[in-house]
$ cat model.txt   # compact mmCIF, C-alpha atoms (C1' of nucleotides)
# COMPACT_ATOMS: atom_id res chain seq x y z
CA MET C 23 0.00 0.00 0.00
CA PRO C 24 2.87 2.46 0.32
CA ARG C 25 4.60 4.57 -2.24
CA LYS C 26 8.26 4.35 -3.19
CA PRO C 27 10.58 7.36 -3.03
CA SER C 28 11.34 8.83 -6.44
CA TYR C 29 15.05 9.13 -5.68
CA ASP C 30 18.04 6.84 -5.21
CA ARG C 31 19.12 7.38 -1.62
CA ASP C 32 22.71 6.34 -2.21
CA ASP C 33 23.00 8.75 -5.11
CA LEU C 34 21.72 11.58 -2.94
CA ILE C 35 24.30 10.80 -0.27
CA ALA C 36 27.04 10.87 -2.91
CA ARG C 37 25.89 14.27 -4.11
CA ALA C 38 25.70 15.58 -0.57
CA ARG C 39 29.21 14.24 0.05
CA ASP C 40 30.51 16.19 -2.94
CA LEU C 41 28.85 19.40 -1.78
CA PHE C 42 30.04 19.04 1.81
CA TRP C 43 33.51 17.97 0.70
CA GLN C 44 33.88 21.04 -1.46
CA ARG C 45 32.11 23.70 0.59
CA GLY C 46 32.47 22.42 4.14
CA TRP C 47 29.98 22.25 6.97
CA TRP C 48 29.15 25.91 7.55
CA GLY C 49 29.65 26.68 3.87
CA THR C 50 26.89 24.33 2.76
CA SER C 51 23.35 25.55 3.39
CA LEU C 52 20.09 23.65 3.29
CA LYS C 53 19.25 25.68 0.20
CA ASP C 54 22.42 24.40 -1.49
CA LEU C 55 21.52 20.85 -0.59
CA GLU C 56 17.90 21.20 -1.71
CA ALA C 57 19.09 22.52 -5.08
CA SER C 58 21.69 19.79 -5.60
CA LEU C 59 19.58 16.90 -4.33
CA GLN C 60 16.38 18.24 -5.92
CA LEU C 61 14.58 17.76 -2.65
CA LYS C 62 12.14 20.10 -0.92
CA PRO C 63 12.69 20.67 2.81
CA GLY C 64 9.96 18.24 3.80
CA SER C 65 11.37 15.37 1.75
CA PHE C 66 14.87 16.19 2.90
CA TYR C 67 13.98 15.88 6.56
CA ALA C 68 11.85 12.81 5.98
CA ALA C 69 14.79 11.15 4.24
CA PHE C 70 17.73 12.16 6.43
CA GLY C 71 16.47 13.74 9.63
CA SER C 72 18.93 16.63 9.75
CA LYS C 73 21.82 18.30 7.98
CA GLU C 74 24.13 16.75 10.56
CA ALA C 75 22.85 13.22 9.99
CA LEU C 76 23.37 13.57 6.25
CA PHE C 77 26.88 14.89 6.78
CA ALA C 78 27.66 11.82 8.89
CA LEU C 79 26.40 9.59 6.08
CA ALA C 80 28.52 11.56 3.62
CA LEU C 81 31.62 11.06 5.77
CA GLU C 82 30.89 7.35 5.97
CA LYS C 83 30.59 7.07 2.20
CA TYR C 84 33.74 9.12 1.72
CA ALA C 85 35.70 6.84 4.04
CA ALA C 86 34.26 3.64 2.59
CA ASP C 87 35.20 4.71 -0.92
CA GLY C 88 38.71 5.51 0.30
CA HIS C 89 39.14 2.06 1.83
CA GLU C 90 37.79 0.40 -1.29
CA ARG C 91 40.17 2.36 -3.52
CA LEU C 92 43.16 1.41 -1.40
CA ARG C 93 42.09 -2.22 -1.32
CA ALA C 94 41.78 -2.29 -5.11
CA LEU C 95 45.15 -0.58 -5.63
CA ASN C 96 46.77 -3.05 -3.27
CA GLN C 97 45.26 -6.03 -5.06
CA GLU C 98 46.46 -4.80 -8.43
CA HIS C 99 49.88 -3.38 -7.59
CA GLY C 100 50.89 -4.56 -4.15
CA PRO C 101 51.13 -2.51 -0.95
CA ILE C 102 53.96 -0.02 -1.59
CA LYS C 103 52.95 0.81 -5.12
CA ALA C 104 49.36 1.14 -3.90
CA LEU C 105 50.42 3.77 -1.38
CA GLN C 106 52.45 5.56 -4.06
CA TYR C 107 49.59 5.53 -6.56
CA LEU C 108 47.16 6.70 -3.89
CA VAL C 109 49.05 9.94 -3.32
CA GLU C 110 49.11 10.67 -7.03
CA PHE C 111 45.48 9.76 -7.43
CA VAL C 112 44.04 12.00 -4.72
CA ILE C 113 45.80 15.12 -5.99
CA GLU C 114 45.15 14.51 -9.68
CA ASN C 115 41.62 13.14 -9.69
CA ASP C 116 39.66 15.78 -11.56
CA ALA C 117 36.38 14.08 -10.73
CA ALA C 118 36.80 14.90 -7.06
CA PRO C 119 35.16 18.10 -5.80
CA ALA C 120 38.32 19.09 -3.92
CA ARG C 121 41.95 18.03 -3.61
CA ALA C 122 42.11 18.24 0.16
CA CYS C 123 40.85 15.38 2.31
CA MET C 124 37.23 15.78 3.40
CA LEU C 125 38.04 14.26 6.79
CA SER C 126 40.81 16.76 7.49
CA LYS C 127 38.69 19.67 6.29
CA THR C 128 35.91 18.59 8.63
CA LEU C 129 38.34 18.14 11.48
CA LEU C 130 39.94 21.56 11.04
CA GLU C 131 36.59 23.29 10.68
CA LEU C 132 34.77 21.67 13.61
CA THR C 133 37.27 20.51 16.25
CA ALA C 134 37.39 23.90 17.98
CA HIS C 135 33.59 23.89 18.24
CA ASN C 136 33.53 20.48 19.90
CA HIS C 137 31.21 19.38 17.16
CA PRO C 138 30.35 15.66 17.16
CA LEU C 139 31.18 15.46 13.45
CA ALA C 140 34.79 16.35 14.24
CA ARG C 141 35.07 13.21 16.34
CA THR C 142 33.41 11.19 13.59
CA ALA C 143 35.93 12.47 11.08
CA ASN C 144 38.80 11.63 13.41
CA LYS C 145 37.52 8.07 13.83
CA HIS C 146 37.52 7.62 10.08
CA LEU C 147 41.05 9.00 9.90
CA LEU C 148 42.19 6.51 12.53
CA LYS C 149 40.64 3.65 10.55
CA MET C 150 42.39 4.85 7.44
CA GLU C 151 45.67 4.99 9.33
CA SER C 152 45.18 1.40 10.41
CA HIS C 153 44.59 0.42 6.81
CA PHE C 154 47.87 2.09 5.85
CA ALA C 155 49.63 0.18 8.64
CA GLU C 156 48.24 -3.10 7.29
CA LEU C 157 49.75 -2.36 3.91
CA PHE C 158 53.15 -1.58 5.43
CA GLU C 159 52.96 -4.89 7.29
CA GLN C 160 52.20 -6.71 4.09
CA ALA C 161 55.12 -4.95 2.42
CA GLN C 162 57.39 -6.26 5.16
CA SER C 163 56.03 -9.79 4.80
CA LYS C 164 56.76 -9.63 1.10
CA GLY C 165 60.22 -8.24 1.77
CA ASP C 166 59.50 -5.00 -0.10
CA ILE C 167 60.61 -2.84 2.81
CA ASP C 168 63.00 -3.33 5.69
CA ASP C 169 61.78 -5.20 8.79
CA SER C 170 63.34 -2.67 11.14
CA HIS C 171 60.51 -0.18 10.62
CA ASP C 172 57.38 -0.08 12.74
CA PRO C 173 54.38 -0.26 10.37
CA LYS C 174 52.30 1.92 12.68
CA LEU C 175 54.89 4.68 12.67
CA LEU C 176 55.20 4.48 8.91
CA ALA C 177 51.44 4.75 8.60
CA ARG C 178 51.29 7.74 10.92
CA ARG C 179 53.92 9.59 8.93
CA TYR C 180 52.38 8.61 5.61
CA GLN C 181 49.01 9.95 6.66
CA SER C 182 50.53 13.20 7.86
CA ASP C 183 52.38 13.59 4.56
CA LEU C 184 49.18 12.82 2.69
CA LEU C 185 47.23 15.49 4.57
CA GLY C 186 50.00 17.97 3.85
CA VAL C 187 50.29 17.34 0.14
CA ARG C 188 46.52 17.32 -0.28
CA ALA C 189 46.22 20.67 1.46
CA SER C 190 49.04 21.96 -0.72
CA ALA C 191 47.23 20.67 -3.81
CA GLU C 192 44.31 22.92 -2.92
CA ARG C 193 46.57 25.94 -3.38
CA GLU C 194 47.26 27.82 -6.57
CA GLY C 195 50.86 28.03 -7.73
CA VAL C 196 52.06 24.91 -5.96
CA ASP C 197 53.24 21.84 -7.86
CA ALA C 198 51.67 19.22 -5.64
CA GLY C 199 52.55 16.51 -8.14
CA ALA C 200 56.21 17.11 -7.43
CA ILE C 201 55.64 16.78 -3.69
CA ALA C 202 53.68 13.60 -4.30
CA ALA C 203 56.62 12.22 -6.29
CA GLU C 204 58.95 12.94 -3.37
CA ILE C 205 56.63 11.14 -0.97
CA GLY C 206 56.61 8.21 -3.38
CA GLN C 207 60.41 8.18 -3.44
CA ASP C 208 60.52 8.17 0.34
CA LEU C 209 58.37 5.04 0.27
CA ALA C 210 60.65 3.40 -2.29
CA ARG C 211 63.69 4.03 -0.08
CA LEU C 212 62.28 2.07 2.87
CA MET X 26 39.72 68.46 20.24
CA PRO X 27 38.98 64.81 19.54
CA ARG X 28 38.67 61.85 21.78
CA LYS X 29 41.00 58.87 21.79
CA PRO X 30 39.74 55.31 21.47
CA SER X 31 39.66 53.44 24.75
CA TYR X 32 41.23 50.35 23.23
CA ASP X 33 44.61 49.26 21.86
CA ARG X 34 43.95 48.52 18.22
CA ASP X 35 46.84 46.08 17.89
CA ASP X 36 45.64 44.16 20.91
CA LEU X 37 42.16 43.87 19.41
CA ILE X 38 43.61 42.50 16.16
CA ALA X 39 45.56 39.92 18.15
CA ARG X 40 42.42 38.82 19.95
CA ALA X 41 40.50 38.65 16.69
CA ARG X 42 43.32 36.59 15.19
CA ASP X 43 43.05 34.10 18.03
CA LEU X 44 39.29 33.79 17.64
CA PHE X 45 39.43 33.43 13.86
CA TRP X 46 42.37 31.05 14.06
CA GLN X 47 40.54 28.78 16.44
CA ARG X 48 36.98 28.98 15.13
CA GLY X 49 37.46 29.82 11.46
CA TRP X 50 35.66 32.28 9.23
CA TRP X 51 32.10 30.97 9.26
CA GLY X 52 32.53 29.72 12.79
CA THR X 53 33.23 33.16 14.22
CA SER X 54 30.22 35.44 14.50
CA LEU X 55 30.08 39.17 15.09
CA LYS X 56 28.62 38.36 18.49
CA ASP X 57 31.71 36.28 19.30
CA LEU X 58 33.96 39.13 18.21
CA GLU X 59 32.00 41.75 20.13
CA ALA X 60 32.27 39.65 23.27
CA SER X 61 35.98 38.98 22.91
CA LEU X 62 36.98 42.48 21.82
CA GLN X 63 34.54 44.17 24.21
CA LEU X 64 33.26 46.29 21.36
CA LYS X 65 29.67 47.18 20.48
CA PRO X 66 28.68 46.85 16.81
CA GLY X 67 29.02 50.56 16.15
CA SER X 68 32.57 50.77 17.52
CA PHE X 69 33.50 47.58 15.73
CA TYR X 70 32.51 48.92 12.33
CA ALA X 71 34.01 52.31 13.00
CA ALA X 72 37.31 50.64 13.88
CA PHE X 73 37.58 47.93 11.24
CA GLY X 74 34.92 48.44 8.58
CA SER X 75 33.85 44.82 8.27
CA LYS X 76 34.38 41.31 9.54
CA GLU X 77 36.33 40.56 6.37
CA ALA X 78 38.67 43.54 6.79
CA LEU X 79 39.45 42.48 10.35
CA PHE X 80 40.11 38.91 9.24
CA ALA X 81 42.60 40.24 6.67
CA LEU X 82 44.36 42.19 9.41
CA ALA X 83 44.39 39.06 11.56
CA LEU X 84 45.99 37.04 8.76
CA GLU X 85 48.59 39.75 8.32
CA LYS X 86 49.48 39.72 11.99
CA TYR X 87 49.58 35.94 12.02
CA ALA X 88 51.99 35.88 9.08
CA ALA X 89 54.16 38.69 10.44
CA ASP X 90 54.53 36.90 13.77
CA GLY X 91 55.49 33.73 11.93
CA HIS X 92 58.22 35.49 9.98
CA GLU X 93 59.52 37.16 13.09
CA ARG X 94 59.65 33.86 14.96
CA LEU X 95 61.56 32.18 12.17
CA ARG X 96 63.96 35.11 11.91
CA ALA X 97 64.66 34.96 15.63
CA LEU X 98 65.16 31.18 15.62
CA ASN X 99 67.56 31.52 12.69
CA GLN X 100 69.56 34.21 14.42
CA GLU X 101 69.91 32.17 17.58
CA HIS X 102 70.39 28.65 16.21
CA GLY X 103 71.16 28.89 12.50
CA PRO X 104 68.91 27.89 9.58
CA ILE X 105 68.52 24.12 9.87
CA LYS X 106 68.06 24.07 13.61
CA ALA X 107 65.62 26.96 13.23
CA LEU X 108 63.48 24.91 10.87
CA GLN X 109 63.67 21.95 13.22
CA TYR X 110 62.70 24.01 16.25
CA LEU X 111 59.87 25.66 14.33
CA VAL X 112 58.11 22.33 13.74
CA GLU X 113 58.33 21.47 17.39
CA PHE X 114 57.23 24.92 18.46
CA VAL X 115 54.05 25.13 16.40
CA ILE X 116 52.70 21.81 17.60
CA GLU X 117 53.65 22.25 21.25
CA ASN X 118 52.89 25.92 21.86
CA ASP X 119 50.08 25.83 24.41
CA ALA X 120 49.57 29.57 24.12
CA ALA X 121 48.30 29.18 20.54
CA PRO X 122 44.54 28.86 20.04
CA ALA X 123 45.03 25.94 17.65
CA ARG X 124 47.75 23.60 16.44
CA ALA X 125 46.85 23.78 12.78
CA CYS X 126 48.07 26.66 10.64
CA MET X 127 45.60 29.53 10.39
CA LEU X 128 46.55 30.11 6.77
CA SER X 129 45.82 26.52 5.78
CA LYS X 130 42.56 26.49 7.73
CA THR X 131 41.47 29.65 5.93
CA LEU X 132 42.51 28.23 2.59
CA LEU X 133 40.64 24.97 3.06
CA GLU X 134 37.54 26.70 4.33
CA LEU X 135 37.28 29.44 1.69
CA THR X 136 38.99 28.32 -1.53
CA ALA X 137 35.91 26.53 -2.86
CA HIS X 138 33.85 29.69 -2.29
CA ASN X 139 36.26 31.84 -4.30
CA HIS X 140 36.51 34.04 -1.24
CA PRO X 141 39.10 36.83 -1.47
CA LEU X 142 40.50 35.83 1.91
CA ALA X 143 41.52 32.46 0.47
CA ARG X 144 43.80 34.24 -1.98
CA THR X 145 45.15 36.41 0.80
CA ALA X 146 45.98 33.34 2.85
CA ASN X 147 47.69 31.73 -0.13
CA LYS X 148 49.84 34.81 -0.66
CA HIS X 149 51.02 34.65 2.94
CA LEU X 150 51.80 30.95 2.50
CA LEU X 151 53.89 31.71 -0.57
CA LYS X 152 55.83 34.36 1.36
CA MET X 153 56.44 31.90 4.14
CA GLU X 154 57.67 29.33 1.62
CA SER X 155 60.13 31.90 0.27
CA HIS X 156 61.37 32.50 3.77
CA PHE X 157 61.94 28.76 4.20
CA ALA X 158 63.86 28.71 0.90
CA GLU X 159 66.10 31.54 2.13
CA LEU X 160 67.03 29.49 5.17
CA PHE X 161 67.85 26.45 3.07
CA GLU X 162 70.08 28.67 0.91
CA GLN X 163 71.85 29.95 3.99
CA ALA X 164 72.31 26.38 5.17
CA GLN X 165 74.01 25.57 1.88
CA SER X 166 76.25 28.62 2.11
CA LYS X 167 77.31 27.52 5.57
CA GLY X 168 77.85 23.97 4.33
CA ASP X 169 75.22 22.53 6.68
CA ILE X 170 73.42 20.74 3.86
CA ASP X 171 74.48 19.38 0.50
CA ASP X 172 74.67 21.79 -2.45
CA SER X 173 72.93 19.36 -4.79
CA HIS X 174 69.50 20.23 -3.37
CA ASP X 175 67.31 22.97 -4.75
CA PRO X 176 66.37 25.26 -1.85
CA LYS X 177 62.97 26.01 -3.39
CA LEU X 178 62.08 22.35 -3.63
CA LEU X 179 63.22 21.77 -0.06
CA ALA X 180 61.06 24.68 1.06
CA ARG X 181 58.04 23.39 -0.81
CA ARG X 182 58.36 19.97 0.76
CA TYR X 183 59.04 21.39 4.20
CA GLN X 184 55.93 23.52 4.07
CA SER X 185 53.81 20.59 2.95
CA ASP X 186 55.18 18.49 5.80
CA LEU X 187 54.52 21.32 8.20
CA LEU X 188 50.88 21.65 7.11
CA GLY X 189 50.48 17.90 7.49
CA VAL X 190 51.93 17.57 10.96
CA ARG X 191 50.03 20.64 12.16
CA ALA X 192 46.74 19.21 10.92
CA SER X 193 47.66 15.92 12.59
CA ALA X 194 48.42 17.77 15.82
CA GLU X 195 44.83 19.01 15.84
CA ARG X 196 43.64 15.41 16.15
CA GLU X 197 43.16 13.43 19.32
CA GLY X 198 45.15 10.23 19.71
CA VAL X 199 47.97 11.19 17.37
CA ASP X 200 51.50 11.74 18.61
CA ALA X 201 52.35 14.75 16.49
CA GLY X 202 55.57 15.26 18.43
CA ALA X 203 56.88 11.99 17.02
CA ILE X 204 56.05 13.07 13.47
CA ALA X 205 57.76 16.39 14.12
CA ALA X 206 60.87 14.53 15.26
CA GLU X 207 60.89 12.54 12.02
CA ILE X 208 60.64 15.73 9.97
CA GLY X 209 63.52 17.11 11.99
CA GLN X 210 65.59 14.02 11.24
CA ASP X 211 64.85 14.36 7.55
CA LEU X 212 66.29 17.86 7.71
CA ALA X 213 69.40 16.62 9.51
CA ARG X 214 70.01 14.03 6.79
CA LEU X 215 70.26 16.62 4.01
C1' DG O 22 33.54 76.70 31.23
C1' DT O 23 32.31 76.23 26.18
C1' DC O 24 32.63 74.21 21.94
C1' DT O 25 33.86 70.83 18.68
C1' DT O 26 35.01 66.47 17.38
C1' DT O 27 35.30 61.89 18.10
C1' DC O 28 34.10 57.60 20.32
C1' DT O 29 30.38 54.70 22.36
C1' DT O 30 25.99 52.71 22.65
C1' DG O 31 22.26 49.47 21.43
C1' DA O 32 17.89 48.99 19.11
C1' DG O 33 16.86 47.02 15.17
C1' DC O 34 17.25 46.46 9.78
C1' DG O 35 16.74 43.02 5.87
C1' DG O 36 18.28 38.65 4.98
C1' DT O 37 19.44 33.81 5.69
C1' DC O 38 19.81 29.92 8.75
C1' DG O 39 18.06 24.99 9.88
C1' DC O 40 13.83 23.15 10.22
C1' DT O 41 8.39 22.04 10.79
C1' DC O 42 3.97 20.75 9.40
C1' DA O 43 -0.48 20.60 7.31
C1' DA O 44 -2.28 19.88 2.94
C1' DG O 45 -1.98 17.63 -1.51
C1' DT O 46 -0.56 13.73 -4.56
C1' DA O 47 0.73 9.26 -6.15
C1' DT O 48 0.86 4.17 -5.65
C1' DA O 49 0.45 -0.66 -4.02
C1' DT O 50 -3.05 -3.60 -1.98
C1' DA O 51 -7.67 -5.56 -1.68
C1' DT G 22 -12.35 0.95 -8.06
C1' DA G 23 -11.86 2.10 -3.20
C1' DT G 24 -8.75 2.61 0.51
C1' DA G 25 -4.69 3.03 3.11
C1' DT G 26 -0.14 4.49 3.22
C1' DA G 27 3.41 6.50 2.02
C1' DC G 28 5.95 10.46 -0.44
C1' DT G 29 5.92 15.52 -2.01
C1' DT G 30 5.14 20.24 -1.57
C1' DG G 31 6.10 25.00 0.01
C1' DA G 32 4.71 28.61 3.14
C1' DG G 33 6.65 30.13 6.89
C1' DC G 34 8.57 29.58 11.99
C1' DG G 35 11.95 31.53 15.49
C1' DA G 36 16.72 32.40 15.73
C1' DC G 37 20.69 34.27 14.20
C1' DC G 38 23.52 36.57 10.54
C1' DG G 39 26.46 40.87 9.28
C1' DC G 40 25.68 45.43 9.64
C1' DT G 41 23.59 50.59 10.15
C1' DC G 42 22.63 54.77 12.34
C1' DA G 43 20.85 58.25 15.33
C1' DA G 44 21.48 59.68 19.84
C1' DG G 45 24.39 60.22 23.96
C1' DA G 46 28.94 60.56 26.40
C1' DA G 47 33.65 61.96 26.83
C1' DA G 48 37.89 64.52 25.98
C1' DG G 49 41.13 67.95 23.84
C1' DA G 50 41.31 73.14 22.21
C1' DC G 51 40.40 77.66 23.43
$ encode --input "model.txt" --output "structure tokens"
Amino acid sequence: MPRKPSYDRDDLIARARDLFWQRGWWGTSLKDLEASLQLKPGSFYAAFGSKEALFALALEKYAADGHERLRALNQEHGPIKALQYLVEFVIENDAAPARACMLSKTLLELTAHNHPLARTANKHLLKMESHFAELFEQAQSKGDIDDSHDPKLLARRYQSDLLGVRASAEREGVDAGAIAAEIGQDLARL
Amino acid sequence: MPRKPSYDRDDLIARARDLFWQRGWWGTSLKDLEASLQLKPGSFYAAFGSKEALFALALEKYAADGHERLRALNQEHGPIKALQYLVEFVIENDAAPARACMLSKTLLELTAHNHPLARTANKHLLKMESHFAELFEQAQSKGDIDDSHDPKLLARRYQSDLLGVRASAEREGVDAGAIAAEIGQDLARL
DNA sequence: GTCTTTCTTGAGCGGTCGCTCAAGTATATA
DNA sequence: TATATACTTGAGCGACCGCTCAAGAAAGAC
């Protein structure tokens, strides 16, 4: 007896992710979202409950896609090359709405306000860091990198470097590709 | 015949800088500023003209202080040690309202909106990068680091690393001091 | 003291914010 | 076809946004 929604929920979340990713939390208004998702306020709130709830879903999708990309790169090229390709990919992907990491943008924007979404973003970052550490472990098992390194420390540094180069890639007049290449060389030297 | 303002303009700019640095552009309201600067709307607009104009002054002060700090560190310890100490300082300075760089926060928040302040922030970042390059040049002149490196490339990478570790330092559960130490070691190896 | 000039005050402007809700519309079941 | 059950619509809520301006208060010049 009911009636189906006329939209694809997952597609709406993807569009919201792109808007939030590009414009940030305070920089994205309900009006922006209504225009992009083609949803009137009533439908919006029936579907997602609040702007905050949708942002959380967007973060989740963003993180899930990141994990999937890394997994695929690893499967095709092995751990170290996957980490090298990832850096290049995130700063060159023209399909992305921004070069900088959505999680870091969220963190920097909302941490000082003690906003729950800042904690959510940090959790996703920690998960991503763990994923990096797994790849460094695999690289050691395969003998690609020296056993003397601690995979967790390598992952921590790699993530920091990644945040830095992605922020740099958001700037005009900075050759982020060159920085990415240096990060890749650092990985090769391990 | 006139009447002097009851405030110290430079002190107000410093307080505004701290608020903006911590809470960001959209996250800082006129009400916040009025409370912190102890200024009613009328006085505020008589003194600074607009929220945007004050933010620009705050960025300028932020950048000027950064240059002065680097200059002082260089004078006391020499170029390479200055760059090493700077990383430690920015992520450990409890007096600062945030660990992350105000220029990068501004850039990430406002670039997608084509906001003039994003360009302003980027200009300050470029100036800072030039300052880093100068120090690397001096280090080469003194023989502290190898001549084969290009100071501009070293500066670019150093700034990227700095942005990364400062964003990481804003997170909970991340030992940014350890990352800073690694960056310092990288500098020592040049 | 008087005058002039500036600084200070705060009510309140038009606009936008995130969000609500009652009314209208479409669809799957019976 | 009749009914029940969603989904869709959009006017508009109270709160807050950045900002204005007329009136009052204070201080240097004479």
$ interface_residues --input "model.txt" --of "chain O" --to "chain X" --cutoff "12 Å" --atoms "all atoms listed in the file" --output "VMD selection string"
chain O and resid 24 to 33
$ residues_around --input "model.txt" --residues "Leu132 of chain C" --least-positions-apart "3" --cutoff "12 Å" --atoms "only C-alpha atoms (C1' of nucleotides)" --output "PyMOL selection string"
(chain C and resi 46-48+125-129+135-144) or (chain X and resi 47-53+123+130+134+195-196)
$ residues_around --input "model.txt" --residues "segment 159-169 of chain C" --least-positions-apart "3" --cutoff "7 Å" --atoms "all atoms listed in the file" --output "PyMOL selection string"
chain C and resi 101-102+155-156+173+212
$ atom_distance --input "model.txt" --atom1 "atom CA of Val115 of chain X" --atom2 "atom CA of Ser155 of chain X"
18.5 Å
$ atom_distance --input "model.txt" --atom1 "atom CA of Val109 of chain C" --atom2 "atom CA of Lys152 of chain X"
25.8 Å
$ closest_residue --input "model.txt" --among "X:Phe157, X:Phe80, X:Tyr183, X:Phe69" --to "chain G" --atoms "all atoms listed in the file"
X:Phe69
$ interface_residues --input "model.txt" --of "chain G" --to "chain X" --cutoff "6 Å" --atoms "all atoms listed in the file" --output "number ranges by chain"
G: 48-50
$ atom_distance --input "model.txt" --atom1 "atom CA of Phe158 of chain C" --atom2 "atom CA of Glu110 of chain C"
17.9 Å
$ closest_residue --input "model.txt" --among "X:Glu85, X:Phe45, X:Glu59, X:Gly91" --to "chain C" --atoms "all atoms listed in the file"
X:Phe45
$ residues_around --input "model.txt" --residues "Leu76 of chain C" --least-positions-apart "6" --cutoff "8 Å" --atoms "only C-alpha atoms (C1' of nucleotides)" --output "MDAnalysis selection string"
chainID C and resid 35 38 70
$ build_atoms --input "model.txt" --residues "segment 110-129 of chain X" --atoms "N, CA and C atoms" --output "PDB file, in the frame of the given file"
ATOM      1  N   TYR X 110      63.373  23.486  15.059  1.00  0.00           N
ATOM      2  CA  TYR X 110      62.700  24.010  16.250  1.00  0.00           C
ATOM      3  C   TYR X 110      61.298  24.519  15.913  1.00  0.00           C
ATOM      4  N   LEU X 111      61.168  25.103  14.703  1.00  0.00           N
ATOM      5  CA  LEU X 111      59.870  25.660  14.330  1.00  0.00           C
ATOM      6  C   LEU X 111      58.780  24.585  14.334  1.00  0.00           C
ATOM      7  N   VAL X 112      59.098  23.414  13.772  1.00  0.00           N
ATOM      8  CA  VAL X 112      58.110  22.330  13.740  1.00  0.00           C
ATOM      9  C   VAL X 112      57.672  21.973  15.153  1.00  0.00           C
ATOM     10  N   GLU X 113      58.666  21.809  16.009  1.00  0.00           N
ATOM     11  CA  GLU X 113      58.330  21.470  17.390  1.00  0.00           C
ATOM     12  C   GLU X 113      57.486  22.557  18.037  1.00  0.00           C
ATOM     13  N   PHE X 114      57.900  23.804  17.799  1.00  0.00           N
ATOM     14  CA  PHE X 114      57.230  24.920  18.460  1.00  0.00           C
ATOM     15  C   PHE X 114      55.743  24.979  18.107  1.00  0.00           C
ATOM     16  N   VAL X 115      55.436  24.913  16.814  1.00  0.00           N
ATOM     17  CA  VAL X 115      54.050  25.130  16.400  1.00  0.00           C
ATOM     18  C   VAL X 115      53.096  24.047  16.900  1.00  0.00           C
ATOM     19  N   ILE X 116      53.619  22.849  17.141  1.00  0.00           N
ATOM     20  CA  ILE X 116      52.700  21.810  17.600  1.00  0.00           C
ATOM     21  C   ILE X 116      52.704  21.641  19.115  1.00  0.00           C
ATOM     22  N   GLU X 117      53.585  22.386  19.783  1.00  0.00           N
ATOM     23  CA  GLU X 117      53.650  22.250  21.250  1.00  0.00           C
ATOM     24  C   GLU X 117      53.247  23.525  21.975  1.00  0.00           C
ATOM     25  N   ASN X 118      53.168  24.621  21.254  1.00  0.00           N
ATOM     26  CA  ASN X 118      52.890  25.920  21.860  1.00  0.00           C
ATOM     27  C   ASN X 118      51.472  25.984  22.438  1.00  0.00           C
ATOM     28  N   ASP X 119      51.389  25.863  23.760  1.00  0.00           N
ATOM     29  CA  ASP X 119      50.080  25.830  24.410  1.00  0.00           C
ATOM     30  C   ASP X 119      49.396  27.183  24.416  1.00  0.00           C
ATOM     31  N   ALA X 120      50.158  28.231  24.153  1.00  0.00           N
ATOM     32  CA  ALA X 120      49.570  29.570  24.120  1.00  0.00           C
ATOM     33  C   ALA X 120      48.737  29.781  22.847  1.00  0.00           C
ATOM     34  N   ALA X 121      49.021  29.009  21.811  1.00  0.00           N
ATOM     35  CA  ALA X 121      48.300  29.180  20.540  1.00  0.00           C
ATOM     36  C   ALA X 121      46.881  28.640  20.661  1.00  0.00           C
ATOM     37  N   PRO X 122      45.944  29.278  19.978  1.00  0.00           N
ATOM     38  CA  PRO X 122      44.540  28.860  20.040  1.00  0.00           C
ATOM     39  C   PRO X 122      44.262  27.592  19.243  1.00  0.00           C
ATOM     40  N   ALA X 123      45.198  27.179  18.419  1.00  0.00           N
ATOM     41  CA  ALA X 123      45.030  25.940  17.650  1.00  0.00           C
ATOM     42  C   ALA X 123      46.394  25.458  17.207  1.00  0.00           C
ATOM     43  N   ARG X 124      46.486  24.158  16.922  1.00  0.00           N
ATOM     44  CA  ARG X 124      47.750  23.600  16.440  1.00  0.00           C
ATOM     45  C   ARG X 124      47.891  23.813  14.946  1.00  0.00           C
ATOM     46  N   ALA X 125      46.796  23.661  14.239  1.00  0.00           N
ATOM     47  CA  ALA X 125      46.850  23.780  12.780  1.00  0.00           C
ATOM     48  C   ALA X 125      47.170  25.208  12.381  1.00  0.00           C
ATOM     49  N   CYS X 126      47.686  25.360  11.174  1.00  0.00           N
ATOM     50  CA  CYS X 126      48.070  26.660  10.640  1.00  0.00           C
ATOM     51  C   CYS X 126      46.820  27.448  10.254  1.00  0.00           C
ATOM     52  N   MET X 127      46.760  28.689  10.696  1.00  0.00           N
ATOM     53  CA  MET X 127      45.600  29.530  10.390  1.00  0.00           C
ATOM     54  C   MET X 127      45.457  29.765   8.890  1.00  0.00           C
ATOM     55  N   LEU X 128      46.598  29.869   8.210  1.00  0.00           N
ATOM     56  CA  LEU X 128      46.550  30.110   6.770  1.00  0.00           C
ATOM     57  C   LEU X 128      45.953  28.910   6.037  1.00  0.00           C
ATOM     58  N   SER X 129      46.349  27.710   6.455  1.00  0.00           N
ATOM     59  CA  SER X 129      45.820  26.520   5.780  1.00  0.00           C
ATOM     60  C   SER X 129      44.348  26.320   6.121  1.00  0.00           C
TER      61      SER X 129
END
